[in-house]
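Next comes coords_29.cif, a file with mmCIF, C-alpha atoms.
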data_work
#
loop_
_atom_site.label_atom_id
_atom_site.label_comp_id
_atom_site.auth_asym_id
_atom_site.auth_seq_id
_atom_site.Cartn_x
_atom_site.Cartn_y
_atom_site.Cartn_z
CA MET R 1 111.20 106.91 60.04
CA MET R 2 109.73 108.48 63.18
CA SER R 3 107.52 110.88 61.19
CA SER R 4 106.17 108.02 59.07
CA ASP R 5 105.18 106.16 62.24
CA PHE R 6 103.45 109.30 63.49
CA GLU R 7 101.53 109.62 60.22
CA ALA R 8 100.48 105.96 60.42
CA TYR R 9 99.04 106.63 63.88
CA GLU R 10 97.30 109.69 62.43
CA GLN R 11 95.55 107.54 59.81
CA ASP R 12 94.34 105.11 62.47
CA PHE R 13 93.24 108.06 64.59
CA GLY R 14 91.20 109.55 61.73
CA THR R 15 89.52 106.24 60.93
CA ILE R 16 88.52 105.47 64.53
CA THR R 17 87.36 108.99 65.40
CA ALA R 18 85.16 109.06 62.28
CA GLU R 19 83.52 105.81 63.40
CA VAL R 20 83.11 107.13 66.95
CA THR R 21 81.50 110.37 65.71
CA ASN R 22 78.99 108.40 63.66
CA LYS R 23 78.14 106.07 66.56
CA ILE R 24 77.77 108.94 69.05
CA GLY R 25 75.14 110.46 66.77
CA ARG R 26 73.20 107.15 66.78
CA ILE R 27 73.25 106.57 70.56
CA PRO R 28 70.33 108.92 71.48
CA LYS R 29 68.11 107.17 68.94
CA LEU R 30 68.50 103.80 70.64
CA SER R 31 67.34 102.32 73.92
CA GLY R 32 67.71 99.18 75.99
CA GLU R 33 70.31 96.55 75.20
CA GLU R 34 71.05 97.95 71.75
CA LYS R 35 72.02 101.31 73.24
CA THR R 36 74.08 99.65 75.98
CA GLN R 37 76.09 97.64 73.47
CA LEU R 38 76.76 100.67 71.28
CA VAL R 39 77.87 102.71 74.35
CA LEU R 40 80.30 99.95 75.34
CA ASN R 41 81.62 99.78 71.78
CA VAL R 42 82.21 103.55 71.65
CA ASP R 43 83.86 103.50 75.07
CA LYS R 44 86.27 100.81 73.84
CA GLN R 45 87.10 102.77 70.70
CA LEU R 46 87.73 105.94 72.72
CA GLU R 47 90.20 103.95 74.83
CA GLU R 48 91.95 102.92 71.60
CA VAL R 49 92.05 106.57 70.55
CA ARG R 50 93.66 107.54 73.87
CA GLU R 51 96.28 104.83 73.39
CA LEU R 52 96.99 106.20 69.89
CA LEU R 53 97.51 109.66 71.41
CA GLU R 54 100.00 108.19 73.87
CA GLN R 55 101.87 106.48 71.03
CA MET R 56 101.93 109.71 69.01
CA ASP R 57 103.20 111.59 72.05
CA LEU R 58 106.07 109.10 72.40
CA GLU R 59 106.89 109.43 68.69
CA VAL R 60 106.97 113.24 68.92
CA ARG R 61 109.57 113.03 71.69
CA GLU R 62 111.86 111.09 69.35
CA ILE R 63 111.48 113.54 66.44
CA PRO R 64 114.38 116.03 65.95
CA VAL R 65 113.86 119.33 67.77
CA GLN R 66 113.70 121.39 64.57
CA SER R 67 110.64 119.41 63.35
CA ARG R 68 109.01 118.76 66.70
CA ALA R 69 106.94 121.96 66.92
CA MET R 70 104.80 121.07 63.90
CA TYR R 71 104.00 117.61 65.25
CA ASN R 72 103.28 118.99 68.72
CA SER R 73 100.74 121.36 67.19
CA ARG R 74 99.02 118.51 65.35
CA LEU R 75 99.04 116.35 68.48
CA LYS R 76 97.50 119.18 70.49
CA SER R 77 94.62 119.51 67.99
CA TYR R 78 94.03 115.75 68.16
CA LYS R 79 93.84 115.88 71.96
CA GLN R 80 91.29 118.71 71.74
CA GLU R 81 89.28 116.66 69.26
CA VAL R 82 89.25 113.69 71.64
CA GLU R 83 88.13 115.90 74.54
CA LYS R 84 85.22 117.12 72.40
CA LEU R 85 84.33 113.55 71.43
CA GLU R 86 84.32 112.49 75.08
CA LYS R 87 82.00 115.37 75.98
CA ASP R 88 79.69 114.52 73.07
CA PHE R 89 79.75 110.88 74.13
CA LYS R 90 78.81 111.83 77.67
CA ARG R 91 75.87 113.92 76.45
CA SER R 92 74.74 111.24 74.03
CA ARG R 93 74.46 108.64 76.79
CA ILE R 94 71.94 110.75 78.70
CA ALA R 95 70.14 112.19 75.67
CA TYR R 96 67.05 110.73 73.98
CA SER R 97 65.54 111.46 70.62
CA ASP R 98 61.94 112.73 70.65
CA GLU R 99 60.73 109.33 69.48
CA VAL R 100 62.52 107.41 72.26
CA ARG R 101 61.52 109.97 74.89
CA ASN R 102 57.85 109.76 73.96
CA GLU R 103 58.09 105.99 73.99
CA LEU R 104 59.56 106.06 77.50
CA LEU R 105 57.21 108.70 78.94
CA GLY R 106 54.06 108.07 76.89
CA ASP R 107 51.34 110.77 77.02
CA ASP R 108 53.01 112.49 79.98
CA ALA R 109 56.10 113.46 77.95
CA SER R 110 55.45 117.19 78.02
CA SER R 111 54.49 117.30 81.71
CA SER R 112 57.52 115.21 82.71
CA GLU R 113 60.11 117.35 80.88
CA SER R 114 61.45 118.82 84.13
CA GLN R 115 61.88 115.34 85.61
CA LEU R 116 63.76 114.24 82.49
CA ILE R 117 66.06 117.24 82.72
CA LYS R 118 66.71 116.47 86.38
CA LEU R 119 67.38 112.84 85.51
CA ARG R 120 69.84 113.93 82.84
CA GLU R 121 71.66 116.17 85.31
CA GLU R 122 71.88 113.39 87.87
CA ARG R 123 73.19 110.92 85.30
CA ALA R 124 75.69 113.47 84.01
CA HIS R 125 76.92 114.03 87.56
CA LEU R 126 77.18 110.28 88.10
CA LEU R 127 79.09 109.85 84.84
CA ASP R 128 81.47 112.65 85.84
CA ASN R 129 82.19 110.91 89.13
CA THR R 130 82.66 107.59 87.36
CA GLU R 131 85.12 109.10 84.91
CA ARG R 132 87.03 110.75 87.75
CA LEU R 133 87.28 107.39 89.48
CA GLU R 134 88.47 105.77 86.25
CA ARG R 135 91.14 108.44 85.75
CA SER R 136 92.24 108.10 89.38
CA SER R 137 92.39 104.34 88.95
CA ARG R 138 94.54 104.69 85.83
CA ARG R 139 96.87 107.09 87.63
CA LEU R 140 97.15 104.68 90.57
CA GLU R 141 97.92 101.81 88.20
CA ALA R 142 100.56 103.92 86.45
CA GLY R 143 102.05 104.91 89.82
CA TYR R 144 102.08 101.29 90.95
CA GLN R 145 103.80 100.26 87.73
CA ILE R 146 106.44 102.95 88.22
CA ALA R 147 106.96 101.79 91.81
CA VAL R 148 107.38 98.18 90.65
CA GLU R 149 109.84 99.20 87.95
CA THR R 150 111.75 101.36 90.45
CA GLU R 151 111.93 98.45 92.87
CA GLN R 152 113.24 96.18 90.10
CA VAL R 153 115.90 98.73 89.17
CA GLY R 154 116.86 99.05 92.86
CA GLN R 155 117.19 95.28 93.18
CA GLU R 156 119.38 95.15 90.07
CA ILE R 157 121.59 97.93 91.45
CA LEU R 158 121.91 96.13 94.79
CA ALA R 159 122.79 92.90 93.00
CA ASN R 160 125.44 94.70 90.94
CA LEU R 161 126.85 96.34 94.07
CA HIS R 162 127.00 92.94 95.81
CA THR R 163 128.83 91.48 92.80
CA ASP R 164 131.26 94.41 92.70
CA ARG R 165 131.89 94.04 96.45
CA GLU R 166 132.76 90.36 96.00
CA LYS R 167 135.14 91.25 93.15
CA ILE R 168 136.85 93.89 95.31
CA GLN R 169 137.18 91.44 98.20
CA ARG R 170 138.73 88.80 95.90
CA ALA R 171 141.13 91.42 94.50
CA ARG R 172 142.15 92.40 98.05
CA GLU R 173 142.76 88.75 98.94
CA ARG R 174 144.91 88.28 95.84
CA LEU R 175 146.80 91.47 96.72
CA ARG R 176 147.45 90.22 100.25
CA GLU R 177 148.64 86.85 98.88
CA THR R 178 150.90 88.61 96.40
CA ASP R 179 152.32 90.82 99.15
CA ALA R 180 152.96 87.77 101.33
CA ASN R 181 154.68 85.99 98.44
CA LEU R 182 156.82 89.05 97.74
CA GLY R 183 157.85 89.21 101.40
CA LYS R 184 158.77 85.54 101.38
CA SER R 185 160.74 85.93 98.14
CA SER R 186 162.55 88.96 99.58
CA ARG R 187 163.61 86.97 102.65
CA ILE R 188 164.84 84.09 100.48
CA LEU R 189 166.85 86.44 98.25
CA THR R 190 168.34 88.16 101.31
CA GLY R 191 169.43 84.80 102.72
CA MET R 192 170.94 83.74 99.40
CA LEU R 193 172.82 87.03 99.10
CA ARG R 194 174.17 86.62 102.64
CA ARG R 195 175.42 83.10 101.86
CA ILE R 196 177.04 84.30 98.63
CA ILE R 197 178.89 87.03 100.55
CA GLN R 198 179.94 84.53 103.21
CA ASN R 199 181.22 82.13 100.53
CA ARG R 200 183.20 84.88 98.83
CA VAL R 201 184.80 85.94 102.14
CA LEU R 202 185.67 82.31 102.85
CA VAL R 203 187.24 81.90 99.40
CA PHE R 204 189.22 85.11 99.90
CA VAL R 205 190.49 83.96 103.31
CA LEU R 206 191.46 80.54 101.93
CA GLY R 207 193.19 82.13 98.98
CA ALA R 208 195.10 84.47 101.23
CA PHE R 209 196.10 81.57 103.50
CA ILE R 210 197.30 79.46 100.56
CA LEU R 211 199.23 82.41 99.11
CA LEU R 212 200.85 83.10 102.49
CA THR R 213 201.78 79.41 102.80
CA ILE R 214 203.40 79.43 99.37
CA ILE R 215 205.35 82.58 100.18
CA LEU R 216 206.61 81.14 103.47
CA ALA R 217 207.59 77.88 101.78
CA ILE R 218 209.58 79.74 99.13
CA TYR R 219 211.22 81.91 101.80
CA PHE R 220 212.37 78.98 103.96
CA ASN R 221 213.47 77.09 100.92
CA LEU R 222 215.70 79.94 99.74
CA ARG R 223 217.03 80.49 103.27
CA GLY R 224 218.03 76.85 103.60
CA HIS R 225 220.25 77.12 100.55
#
Represent the structure of the file as C-alpha coordinates.
Amino acid sequence: MMSSDFEAYEQDFGTITAEVTNKIGRIPKLSGEEKTQLVLNVDKQLEEVRELLEQMDLEVREIPVQSRAMYNSRLKSYKQEVEKLEKDFKRSRIAYSDEVRNELLGDDASSSESQLIKLREERAHLLDNTERLERSSRRLEAGYQIAVETEQVGQEILANLHTDREKIQRARERLRETDANLGKSSRILTGMLRRIIQNRVLVFVLGAFILLTIILAIYFNLRGH
(Lines of atoms letter the chains of each structure in order from A and count residues from 1; the text may use other names and numbers.)
(Lines give C-alpha, C1' and ligand atoms only; values in the text may rest on other atoms or scores of the structure.)
Protein backbone atom coordinates (compact mmCIF):
# COMPACT_ATOMS: atom_id res chain seq x y z
CA MET A 1 0.00 0.00 0.00
CA MET A 2 2.84 2.39 0.89
CA SER A 3 4.73 1.67 -2.35
CA SER A 4 1.61 2.31 -4.43
CA ASP A 5 1.21 5.71 -2.75
CA PHE A 6 4.86 6.46 -3.53
CA GLU A 7 4.34 5.53 -7.18
CA ALA A 8 1.26 7.76 -7.36
CA TYR A 9 3.37 10.67 -6.12
CA GLU A 10 5.98 9.73 -8.73
CA GLN A 11 3.40 10.05 -11.52
CA ASP A 12 2.34 13.49 -10.30
CA PHE A 13 6.01 14.45 -9.99
CA GLY A 14 6.74 13.40 -13.60
CA THR A 15 3.74 15.29 -14.96
CA ILE A 16 4.49 18.55 -13.13
CA THR A 17 8.24 18.52 -13.80
CA ALA A 18 7.61 17.97 -17.52
CA GLU A 19 5.33 21.03 -17.55
CA VAL A 20 7.88 23.06 -15.58
CA THR A 21 10.70 22.10 -17.98
CA ASN A 22 8.64 23.23 -20.95
CA LYS A 23 7.70 26.54 -19.31
CA ILE A 24 11.28 27.27 -18.22
CA GLY A 25 12.34 26.98 -21.86
CA ARG A 26 9.68 29.56 -22.86
CA ILE A 27 10.49 32.17 -20.17
CA PRO A 28 13.51 33.80 -21.93
CA LYS A 29 11.42 34.32 -25.06
CA LEU A 30 8.87 36.45 -23.22
CA SER A 31 8.89 39.88 -21.64
CA GLY A 32 6.69 42.16 -19.58
CA GLU A 33 3.51 40.94 -17.93
CA GLU A 34 3.43 37.70 -19.92
CA LYS A 35 6.85 36.71 -18.60
CA THR A 36 5.93 37.72 -15.05
CA GLN A 37 2.82 35.56 -15.08
CA LEU A 38 4.70 32.54 -16.44
CA VAL A 39 7.45 32.98 -13.80
CA LEU A 40 4.82 33.06 -11.04
CA ASN A 41 3.16 29.97 -12.49
CA VAL A 42 6.45 28.04 -12.60
CA ASP A 43 7.32 29.14 -9.08
CA LYS A 44 3.97 27.79 -7.85
CA GLN A 45 4.49 24.48 -9.63
CA LEU A 46 7.99 24.13 -8.17
CA GLU A 47 6.47 24.59 -4.72
CA GLU A 48 4.04 21.76 -5.53
CA VAL A 49 6.99 19.62 -6.61
CA ARG A 50 8.77 20.29 -3.30
CA GLU A 51 5.63 19.28 -1.42
CA LEU A 52 5.50 16.04 -3.45
CA LEU A 53 9.12 15.34 -2.45
CA GLU A 54 8.18 15.81 1.20
CA GLN A 55 5.26 13.41 0.81
CA MET A 56 7.49 10.84 -0.91
CA ASP A 57 10.06 11.21 1.86
CA LEU A 58 7.36 10.48 4.46
CA GLU A 59 6.20 7.44 2.49
CA VAL A 60 9.75 6.07 2.25
CA ARG A 61 10.06 6.18 6.04
CA GLU A 62 7.03 3.91 6.33
CA ILE A 63 8.30 1.36 3.78
CA PRO A 64 9.87 -1.85 5.24
CA VAL A 65 13.63 -1.60 5.71
CA GLN A 66 14.41 -4.33 3.16
CA SER A 67 12.73 -2.31 0.37
CA ARG A 68 13.63 1.16 1.55
CA ALA A 69 17.03 1.46 -0.17
CA MET A 70 15.53 1.30 -3.67
CA TYR A 71 12.99 4.02 -2.92
CA ASN A 72 15.62 6.18 -1.24
CA SER A 73 17.72 6.00 -4.40
CA ARG A 74 14.78 7.06 -6.55
CA LEU A 75 13.91 9.88 -4.15
CA LYS A 76 17.50 11.11 -4.22
CA SER A 77 17.45 11.30 -8.04
CA TYR A 78 14.18 13.25 -7.91
CA LYS A 79 15.69 15.75 -5.47
CA GLN A 80 18.67 16.22 -7.80
CA GLU A 81 16.29 16.77 -10.69
CA VAL A 82 14.42 19.45 -8.74
CA GLU A 83 17.69 21.19 -7.84
CA LYS A 84 18.58 21.31 -11.54
CA LEU A 85 15.13 22.64 -12.42
CA GLU A 86 15.47 25.39 -9.80
CA LYS A 87 18.86 26.40 -11.21
CA ASP A 88 17.47 26.41 -14.77
CA PHE A 89 14.50 28.45 -13.56
CA LYS A 90 16.81 30.98 -11.94
CA ARG A 91 18.84 31.35 -15.14
CA SER A 92 15.73 31.59 -17.29
CA ARG A 93 14.38 34.53 -15.30
CA ILE A 94 17.46 36.63 -16.07
CA ALA A 95 18.04 35.34 -19.60
CA TYR A 96 16.67 36.88 -22.81
CA SER A 97 16.42 35.46 -26.28
CA ASP A 98 18.26 37.39 -29.01
CA GLU A 99 14.96 38.76 -30.28
CA VAL A 100 13.85 40.08 -26.86
CA ARG A 101 17.32 41.44 -26.09
CA ASN A 102 17.48 43.37 -29.35
CA GLU A 103 14.00 44.68 -28.71
CA LEU A 104 15.04 45.91 -25.26
CA LEU A 105 18.40 47.39 -26.29
CA GLY A 106 17.68 48.42 -29.89
CA ASP A 107 20.70 49.29 -32.08
CA ASP A 108 23.03 49.40 -29.06
CA ALA A 109 22.61 45.67 -28.33
CA SER A 110 26.18 44.72 -29.20
CA SER A 111 27.77 47.67 -27.40
CA SER A 112 25.66 47.09 -24.27
CA GLU A 113 26.48 43.38 -23.90
CA SER A 114 28.74 43.99 -20.90
CA GLN A 115 26.00 45.99 -19.16
CA LEU A 116 23.53 43.17 -19.80
CA ILE A 117 25.93 40.62 -18.34
CA LYS A 118 26.41 42.83 -15.29
CA LEU A 119 22.65 43.21 -14.96
CA ARG A 120 22.25 39.45 -15.14
CA GLU A 121 24.83 38.95 -12.41
CA GLU A 122 23.16 41.51 -10.17
CA ARG A 123 19.74 39.94 -10.68
CA ALA A 124 21.15 36.47 -10.07
CA HIS A 125 22.70 37.70 -6.82
CA LEU A 126 19.42 39.31 -5.82
CA LEU A 127 17.50 36.12 -6.61
CA ASP A 128 19.98 34.10 -4.55
CA ASN A 129 19.43 36.39 -1.58
CA THR A 130 15.67 36.22 -2.05
CA GLU A 131 15.73 32.44 -2.12
CA ARG A 132 17.89 32.35 1.00
CA LEU A 133 15.38 34.57 2.75
CA GLU A 134 12.53 32.34 1.60
CA ARG A 135 14.30 29.21 2.88
CA SER A 136 15.08 30.93 6.18
CA SER A 137 11.45 31.99 6.45
CA ARG A 138 10.26 28.43 5.83
CA ARG A 139 12.67 27.11 8.45
CA LEU A 140 11.46 29.73 10.94
CA GLU A 141 7.84 28.80 10.23
CA ALA A 142 8.66 25.11 10.69
CA GLY A 143 10.49 25.90 13.94
CA TYR A 144 7.58 27.99 15.17
CA GLN A 145 5.16 25.18 14.33
CA ILE A 146 7.31 22.69 16.25
CA ALA A 147 7.44 25.09 19.21
CA VAL A 148 3.63 25.46 19.16
CA GLU A 149 3.15 21.69 18.97
CA THR A 150 5.66 21.19 21.80
CA GLU A 151 3.83 23.73 23.92
CA GLN A 152 0.52 21.96 23.26
CA VAL A 153 2.03 18.62 24.23
CA GLY A 154 3.47 20.20 27.40
CA GLN A 155 0.07 21.64 28.31
CA GLU A 156 -1.57 18.24 27.78
CA ILE A 157 1.06 16.58 29.99
CA LEU A 158 0.54 19.20 32.72
CA ALA A 159 -3.22 18.71 32.51
CA ASN A 160 -2.80 14.93 32.80
CA LEU A 161 -0.44 15.36 35.76
CA HIS A 162 -2.96 17.68 37.47
CA THR A 163 -5.71 15.10 36.91
CA ASP A 164 -3.51 12.29 38.24
CA ARG A 165 -2.63 14.40 41.29
CA GLU A 166 -6.33 14.95 42.06
CA LYS A 167 -6.97 11.20 41.72
CA ILE A 168 -4.10 10.42 44.12
CA GLN A 169 -5.37 12.99 46.62
CA ARG A 170 -8.90 11.50 46.49
CA ALA A 171 -7.44 8.01 46.95
CA ARG A 172 -5.47 9.21 49.98
CA GLU A 173 -8.60 10.78 51.47
CA ARG A 174 -10.55 7.55 50.97
CA LEU A 175 -7.66 5.62 52.55
CA ARG A 176 -7.67 7.92 55.58
CA GLU A 177 -11.46 7.54 55.90
CA THR A 178 -11.15 3.78 55.63
CA ASP A 179 -8.41 3.74 58.26
CA ALA A 180 -10.55 5.88 60.58
CA ASN A 181 -13.53 3.56 60.06
CA LEU A 182 -11.38 0.52 60.76
CA GLY A 183 -10.11 2.11 63.98
CA LYS A 184 -13.65 2.89 65.07
CA SER A 185 -14.81 -0.64 64.24
CA SER A 186 -11.86 -2.09 66.16
CA ARG A 187 -12.79 -0.07 69.26
CA ILE A 188 -16.42 -1.18 69.01
CA LEU A 189 -15.44 -4.84 68.66
CA THR A 190 -13.05 -4.54 71.62
CA GLY A 191 -15.82 -3.08 73.77
CA MET A 192 -18.26 -5.80 72.72
CA LEU A 193 -15.70 -8.51 73.48
CA ARG A 194 -15.07 -6.99 76.92
CA ARG A 195 -18.80 -6.97 77.70
CA ILE A 196 -19.15 -10.57 76.53
CA ILE A 197 -16.31 -11.63 78.84
CA GLN A 198 -17.85 -9.67 81.72
CA ASN A 199 -21.24 -11.31 81.11
CA ARG A 200 -19.69 -14.77 81.04
CA VAL A 201 -17.84 -14.13 84.33
CA LEU A 202 -21.07 -12.87 85.88
CA VAL A 203 -22.97 -15.96 84.70
CA PHE A 204 -20.23 -18.20 86.09
CA VAL A 205 -20.30 -16.43 89.47
CA LEU A 206 -24.09 -16.64 89.64
CA GLY A 207 -24.02 -20.29 88.68
CA ALA A 208 -21.43 -21.02 91.31
CA PHE A 209 -23.46 -19.12 93.93
CA ILE A 210 -26.66 -21.00 93.05
CA LEU A 211 -24.83 -24.33 93.10
CA LEU A 212 -23.30 -23.52 96.49
CA THR A 213 -26.74 -22.53 97.82
CA ILE A 214 -28.25 -25.81 96.64
CA ILE A 215 -25.43 -27.81 98.22
CA LEU A 216 -25.81 -25.99 101.54
CA ALA A 217 -29.58 -26.46 101.49
CA ILE A 218 -29.20 -30.19 100.90
CA TYR A 219 -26.56 -30.42 103.64
CA PHE A 220 -28.68 -28.68 106.30
CA ASN A 221 -31.70 -30.63 105.25
CA LEU A 222 -29.93 -33.96 105.71
CA ARG A 223 -28.42 -32.82 109.01
CA GLY A 224 -31.81 -31.87 110.39
CA HIS A 225 -33.06 -35.40 109.88
One number please: CA of Ser73 in chain R to CA of Glu7 in chain R, in Å, one decimal.
13.7 Å
Coordinates-based distance that separates CA of Lys90 in chain R from CA of Leu38 in chain R (Å, one decimal)
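Answer for the CA of Leu38 in chain R to CA of Lys90 in chain R separation: 13.0 Å.
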Selection dump of the PyMOL selection byres ((chain R and resi 33-35) around 12), as an MDAnalysis selection string:
chainID R and resid 23:32 36:42 92:96 100
Work out how far apart CA of Tyr78 in chain R and CA of Arg50 in chain R are and give it in Å to one decimal.
10.0 Å
Using all atoms listed in the file for the distances, tell me which of R:Ala69, R:Leu202, R:Leu53, R:Leu85 is nearest to Glu19 in chain R.
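Residue with the minimum atom-to-atom distance to Glu19 in chain R: R:Leu85.
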Generate the missing atoms of range 156-167 of chain R up to N, CA, C and O atoms and report them as a PDB file, in the frame of the given file.
ATOM      1  N   GLU R 156     118.266  95.391  90.996  1.00  0.00           N
ATOM      2  CA  GLU R 156     119.380  95.150  90.070  1.00  0.00           C
ATOM      3  C   GLU R 156     120.629  95.903  90.510  1.00  0.00           C
ATOM      4  O   GLU R 156     121.746  95.372  90.441  1.00  0.00           O
ATOM      5  N   ILE R 157     120.440  97.155  90.981  1.00  0.00           N
ATOM      6  CA  ILE R 157     121.590  97.930  91.450  1.00  0.00           C
ATOM      7  C   ILE R 157     122.227  97.273  92.664  1.00  0.00           C
ATOM      8  O   ILE R 157     123.462  97.161  92.765  1.00  0.00           O
ATOM      9  N   LEU R 158     121.381  96.805  93.611  1.00  0.00           N
ATOM     10  CA  LEU R 158     121.910  96.130  94.790  1.00  0.00           C
ATOM     11  C   LEU R 158     122.663  94.855  94.415  1.00  0.00           C
ATOM     12  O   LEU R 158     123.721  94.550  94.987  1.00  0.00           O
ATOM     13  N   ALA R 159     122.115  94.118  93.446  1.00  0.00           N
ATOM     14  CA  ALA R 159     122.790  92.900  93.000  1.00  0.00           C
ATOM     15  C   ALA R 159     124.141  93.232  92.377  1.00  0.00           C
ATOM     16  O   ALA R 159     125.144  92.548  92.624  1.00  0.00           O
ATOM     17  N   ASN R 160     124.173  94.295  91.561  1.00  0.00           N
ATOM     18  CA  ASN R 160     125.440  94.700  90.940  1.00  0.00           C
ATOM     19  C   ASN R 160     126.447  95.148  91.987  1.00  0.00           C
ATOM     20  O   ASN R 160     127.643  94.835  91.897  1.00  0.00           O
ATOM     21  N   LEU R 161     125.960  95.895  93.009  1.00  0.00           N
ATOM     22  CA  LEU R 161     126.850  96.340  94.070  1.00  0.00           C
ATOM     23  C   LEU R 161     127.410  95.150  94.856  1.00  0.00           C
ATOM     24  O   LEU R 161     128.595  95.138  95.231  1.00  0.00           O
ATOM     25  N   HIS R 162     126.549  94.146  95.105  1.00  0.00           N
ATOM     26  CA  HIS R 162     127.000  92.940  95.810  1.00  0.00           C
ATOM     27  C   HIS R 162     128.076  92.219  95.004  1.00  0.00           C
ATOM     28  O   HIS R 162     129.103  91.789  95.548  1.00  0.00           O
ATOM     29  N   THR R 163     127.847  92.125  93.675  1.00  0.00           N
ATOM     30  CA  THR R 163     128.830  91.480  92.800  1.00  0.00           C
ATOM     31  C   THR R 163     130.146  92.247  92.797  1.00  0.00           C
ATOM     32  O   THR R 163     131.237  91.658  92.886  1.00  0.00           O
ATOM     33  N   ASP R 164     130.041  93.589  92.701  1.00  0.00           N
ATOM     34  CA  ASP R 164     131.260  94.410  92.700  1.00  0.00           C
ATOM     35  C   ASP R 164     132.006  94.278  94.025  1.00  0.00           C
ATOM     36  O   ASP R 164     133.246  94.247  94.050  1.00  0.00           O
ATOM     37  N   ARG R 165     131.239  94.188  95.138  1.00  0.00           N
ATOM     38  CA  ARG R 165     131.890  94.040  96.450  1.00  0.00           C
ATOM     39  C   ARG R 165     132.654  92.725  96.519  1.00  0.00           C
ATOM     40  O   ARG R 165     133.789  92.682  97.032  1.00  0.00           O
ATOM     41  N   GLU R 166     132.076  91.652  96.000  1.00  0.00           N
ATOM     42  CA  GLU R 166     132.760  90.360  96.000  1.00  0.00           C
ATOM     43  C   GLU R 166     134.033  90.420  95.162  1.00  0.00           C
ATOM     44  O   GLU R 166     135.065  89.864  95.540  1.00  0.00           O
ATOM     45  N   LYS R 167     133.953  91.120  94.006  1.00  0.00           N
ATOM     46  CA  LYS R 167     135.140  91.250  93.150  1.00  0.00           C
ATOM     47  C   LYS R 167     136.245  92.016  93.868  1.00  0.00           C
ATOM     48  O   LYS R 167     137.421  91.656  93.790  1.00  0.00           O
TER      49      LYS R 167
END
